[in-house]
Amino acid sequence: PVRPPASKRDNAALRGLRIHPHSVSGWFAGWRVALVVITQLVFYGVPWLQWGGRQAVLFDLGARKFYLGPLVLYPQDFIYLTGLLITCALALFVFTAVAGRLWCGYACPQTVYTEIFLWIERTIEGDGPKQRRLDAAPWWPRKLLIRGSKHVVWLLLALWTGFTFVGYFLPIRPLAATIPSLDFGSEAVAILFYGFFTYYNAGWLREKICKYMCPYARFQSVMFDADTLIVTYDAARGEPRGTRRKGSNEGLGSCVDCGFCVSVCPTGIDIRKGLQIDCIACGACIDACDQVMDRMEMPRGLIRYTTENVLKGKRPKGRWYTHVLRPRVILYGAVLLTVVSVMVASLALRDPFRVNVLREGSVLSRPTADGRIENLYRVKVFNMDEHPRRYRISAEGLPSLSLAANGGAEFEVPGVGFRTFGVYLRVDPNVVAQGTHDVRFIVVTRDDGAPMTVVEKSTF
């Protein structure tokens with residue numbers, strides 16, 4: 001295929017013109033396709049999964065309940081969200097320290113949806129050269145039909161993406177039932193909002209998000225060192241570059257200056273100029289260069305994943321992997337493993353129900369008609385199980401302590417729900433000294449099976 005020289009292509013990228021990357025096949029292209037398929041099967045499929053008669057994954061903000069398969073989390077479980085964010089950050093540190101911007105090149109939503117939109121564009125308009133010729137063509141009916149068809153497909157995919165995203169926060173099956181009747185409410189605004197940004201970011205902005213808006217590209221360098229795997233051009237082998245006959249060096253390096261590595265780059269850079277902040281480490285230039293090397297009957301690997309120390313001869317060329325386990329990676333990995341272990345153990349040992357006790361602050365204490373001293377508490381019992389359960393509440397910690405609860409000391413809480421009620425603690429002032437005293441509320445399950453107990457401390 002006809003490709004513009006690298007210098008002209010770079011100038012087009014610098015001028016902000018649309019980049020039409022050429023398609024390429026190979027090892028890394030296969031990995032990108034696999035990651036796109038896997039991530040989108042998860043994204044589009046998970047909201048439709050059911051668990052015990054309900055949506056398996058649902059972040060119900062209205063009811064303040066978050067369903068994750070068998071788990072039901074409440075706002076009080078915010079610590080798990082914190083742990084998840086820490087885990088993601090540490091995983092990003094580990095991956096970046098080992099192999100650079102793997103997240104950007106293969107799994108970032110911006111990369112994934114840009115790839116999908118590019119596939120649609122190539123299917124309708126043709127590969128990169130045809131797209132550039134179409135850009136230069138006048139706006140005749142054929143061009144309007146081709147471009148219009150592309151944007152219609154883009155918009156339909158973007159709207160379906162927005163619908164799926166909203167389906168993580170509203171039950172997706174009832175939401176889907178409203179589509180034929182167009183009986184939308186406020187959820188339509190959320191669908192259109194997310195759909196528009198999918199269409200605009202993946203269809204129009206594309207590489208500009210990675211180059212100018214993403215903060216990760218700016219701070220990634222602090223996680224790089226000379227033993228980090230990066231996509232790089234072997235200048236010692238490739239220079240001086242120039243065209244030649246197949247199988248002949250003619251006093252030149254291995255680079256034939258074809259510009260194929262530039263024409264396949266989704267961000268429009270020339271990797272032969274060295275590591276750049278715009279490189280998302282997708283490996284497209286590696287696949288392109290390997291194809292050219294095969295046609296020219298020269299060894300592959302002119303552009304490859306390697307480390308700076310290997311290029312400088314400080315590490316054995318074929319044994320870069322022996323230096324991956326360096327102190328930085330070991331430290332990141334150990335902390336990551338610790339956080340994940342604590343999270344898993346905490347979820348496994350999580351109480352099947354939870355009790356919150358709040359002493360009424362408006363009245364410290366008050367006398368009763370029979371001469372006793374009374375404190376009022378607000379008790380909230382959360383049932384984490386999918387089925388209703390019965391509980392009994394009692395208190396201890398002071399002599400002559402008695403308990404009275406609105407609705408009785410034994411009560412039922414619905415499945416994945418909670419119950420709030422008032423509890424009165426009373427003592428005889430003749431046997432309890434004045435001041436503040438520690439008390440304990442004890443809530444015990446009353447269903448079949450081994451009883452489970454939660455103790456919550458408070459003051460009288």
# chains A, B, ... in the order shown; residues from 1 in each chain; ligands from 1
$ residues_around --residues "Gly408 in chain A" --least-positions-apart "3" --cutoff "9 Å" --atoms "only C-alpha atoms" --output "MDAnalysis selection string"
chainID A and resid 392:393 404:405 411
$ select_by_dssp --residues "range 63-149 of chain A" --states "strand (DSSP E or B)" --output "MDAnalysis selection string"
chainID A and resid 65:68 71:73
$ write_last_selection --atoms "all heavy atoms" --output "compact mmCIF listing (two decimals), in the first residue's frame"
# COMPACT_ATOMS: atom_id res chain seq x y z
N LYS A 65 -27.26 0.10 48.19
CA LYS A 65 -26.83 -1.29 48.27
C LYS A 65 -26.03 -1.61 47.02
O LYS A 65 -26.40 -1.20 45.92
CB LYS A 65 -28.01 -2.25 48.39
CG LYS A 65 -28.86 -2.06 49.63
CD LYS A 65 -30.06 -2.97 49.61
CE LYS A 65 -30.98 -2.72 50.80
NZ LYS A 65 -32.20 -3.55 50.74
N PHE A 66 -24.95 -2.36 47.18
CA PHE A 66 -24.07 -2.70 46.06
C PHE A 66 -23.94 -4.22 46.01
O PHE A 66 -23.39 -4.84 46.93
CB PHE A 66 -22.71 -2.03 46.24
CG PHE A 66 -22.81 -0.55 46.52
CD1 PHE A 66 -22.75 -0.06 47.82
CD2 PHE A 66 -23.02 0.34 45.49
CE1 PHE A 66 -22.87 1.29 48.08
CE2 PHE A 66 -23.13 1.70 45.74
CZ PHE A 66 -23.07 2.17 47.03
N TYR A 67 -24.48 -4.78 44.95
CA TYR A 67 -24.52 -6.23 44.81
C TYR A 67 -23.36 -6.69 43.93
O TYR A 67 -23.21 -6.24 42.79
CB TYR A 67 -25.84 -6.69 44.17
CG TYR A 67 -27.07 -6.27 44.94
CD1 TYR A 67 -27.73 -5.09 44.66
CD2 TYR A 67 -27.59 -7.08 45.95
CE1 TYR A 67 -28.87 -4.71 45.35
CE2 TYR A 67 -28.73 -6.71 46.65
CZ TYR A 67 -29.37 -5.53 46.35
OH TYR A 67 -30.49 -5.15 47.04
N LEU A 68 -22.55 -7.60 44.45
CA LEU A 68 -21.45 -8.19 43.71
C LEU A 68 -21.53 -9.71 43.87
O LEU A 68 -20.89 -10.30 44.74
CB LEU A 68 -20.10 -7.68 44.22
CG LEU A 68 -19.82 -6.19 44.02
CD1 LEU A 68 -18.55 -5.78 44.75
CD2 LEU A 68 -19.69 -5.87 42.54
N LEU A 71 -22.12 -11.18 47.39
CA LEU A 71 -21.84 -10.11 48.36
C LEU A 71 -22.85 -8.98 48.22
O LEU A 71 -23.24 -8.61 47.10
CB LEU A 71 -20.43 -9.55 48.16
CG LEU A 71 -19.26 -10.46 48.51
CD1 LEU A 71 -17.95 -9.76 48.17
CD2 LEU A 71 -19.29 -10.84 49.99
N VAL A 72 -23.24 -8.43 49.34
CA VAL A 72 -24.06 -7.22 49.37
C VAL A 72 -23.34 -6.23 50.27
O VAL A 72 -23.13 -6.48 51.46
CB VAL A 72 -25.47 -7.50 49.92
CG1 VAL A 72 -26.29 -6.21 49.88
CG2 VAL A 72 -26.16 -8.60 49.11
N LEU A 73 -22.92 -5.11 49.69
CA LEU A 73 -22.16 -4.11 50.42
C LEU A 73 -23.01 -2.87 50.64
O LEU A 73 -23.87 -2.52 49.81
CB LEU A 73 -20.88 -3.75 49.66
CG LEU A 73 -19.95 -4.91 49.32
CD1 LEU A 73 -18.76 -4.41 48.51
CD2 LEU A 73 -19.48 -5.62 50.58
$ residues_around --residues "Cys279 in chain A" --least-positions-apart "2" --cutoff "10 Å" --atoms "only C-alpha atoms" --output "PyMOL selection string"
chain A and resi 101+104-105+210-211+217+230-231+265-271+274-277+281-283
$ residues_around --residues "range 159-174 of chain A" --least-positions-apart "5" --cutoff "8 Å" --atoms "only C-alpha atoms" --output "ChimeraX atom specification"
/A:43-44,47-48,55,57-61,187,190-196,198
$ residues_around --residues "range 434-441 of chain A" --least-positions-apart "6" --cutoff "12 Å" --atoms "only C-alpha atoms" --output "MDAnalysis selection string"
chainID A and resid 354:359 364:365 373 375 377:381 392:399 401:403 405 409 423:428 453:460
$ write_last_selection --atoms "C-alpha atoms" --output "PDB file, in the first residue's frame"
ATOM      1  CA  ARG A 354     -23.884  -5.759  61.416  1.00  0.00           C
ATOM      2  CA  VAL A 355     -25.040  -3.568  64.295  1.00  0.00           C
ATOM      3  CA  ASN A 356     -24.683   0.179  64.679  1.00  0.00           C
ATOM      4  CA  VAL A 357     -25.530   1.797  68.024  1.00  0.00           C
ATOM      5  CA  LEU A 358     -25.902   5.552  68.450  1.00  0.00           C
ATOM      6  CA  ARG A 359     -26.737   7.031  71.843  1.00  0.00           C
ATOM      7  CA  LEU A 364     -27.895  12.610  78.278  1.00  0.00           C
ATOM      8  CA  SER A 365     -30.077  10.761  80.786  1.00  0.00           C
ATOM      9  CA  ILE A 373     -32.211   6.351  85.242  1.00  0.00           C
ATOM     10  CA  ASN A 375     -30.689   6.374  78.352  1.00  0.00           C
ATOM     11  CA  TYR A 377     -30.203   4.609  71.889  1.00  0.00           C
ATOM     12  CA  ARG A 378     -30.843   4.221  68.174  1.00  0.00           C
ATOM     13  CA  VAL A 379     -29.923   0.718  67.057  1.00  0.00           C
ATOM     14  CA  LYS A 380     -29.642  -0.269  63.384  1.00  0.00           C
ATOM     15  CA  VAL A 381     -29.245  -3.939  62.451  1.00  0.00           C
ATOM     16  CA  ARG A 392     -32.572 -10.961  69.813  1.00  0.00           C
ATOM     17  CA  ILE A 393     -30.972  -7.945  71.484  1.00  0.00           C
ATOM     18  CA  SER A 394     -29.745  -7.663  75.082  1.00  0.00           C
ATOM     19  CA  ALA A 395     -27.310  -5.493  77.042  1.00  0.00           C
ATOM     20  CA  GLU A 396     -24.790  -5.991  79.841  1.00  0.00           C
ATOM     21  CA  GLY A 397     -22.089  -4.116  81.706  1.00  0.00           C
ATOM     22  CA  LEU A 398     -23.870  -2.596  84.715  1.00  0.00           C
ATOM     23  CA  PRO A 399     -25.677  -4.036  87.743  1.00  0.00           C
ATOM     24  CA  LEU A 401     -29.299  -3.016  83.900  1.00  0.00           C
ATOM     25  CA  SER A 402     -32.526  -3.657  81.982  1.00  0.00           C
ATOM     26  CA  LEU A 403     -33.437  -3.209  78.340  1.00  0.00           C
ATOM     27  CA  ALA A 405     -36.923  -2.002  72.829  1.00  0.00           C
ATOM     28  CA  ALA A 409     -36.266  -7.503  72.249  1.00  0.00           C
ATOM     29  CA  VAL A 423     -33.745   0.936  72.708  1.00  0.00           C
ATOM     30  CA  TYR A 424     -33.990   2.097  76.346  1.00  0.00           C
ATOM     31  CA  LEU A 425     -31.427   1.092  78.977  1.00  0.00           C
ATOM     32  CA  ARG A 426     -32.371   1.624  82.621  1.00  0.00           C
ATOM     33  CA  VAL A 427     -30.423   1.238  85.886  1.00  0.00           C
ATOM     34  CA  ASP A 428     -31.093   1.714  89.590  1.00  0.00           C
ATOM     35  CA  THR A 453     -23.330 -12.974  67.798  1.00  0.00           C
ATOM     36  CA  VAL A 454     -22.286  -9.364  67.301  1.00  0.00           C
ATOM     37  CA  VAL A 455     -21.257  -7.206  70.273  1.00  0.00           C
ATOM     38  CA  GLU A 456     -21.345  -3.417  69.955  1.00  0.00           C
ATOM     39  CA  LYS A 457     -19.926  -1.120  72.645  1.00  0.00           C
ATOM     40  CA  SER A 458     -21.464   2.135  73.862  1.00  0.00           C
ATOM     41  CA  THR A 459     -21.671   4.283  77.010  1.00  0.00           C
ATOM     42  CA  PHE A 460     -24.343   4.896  79.652  1.00  0.00           C
TER      43      PHE A 460
END
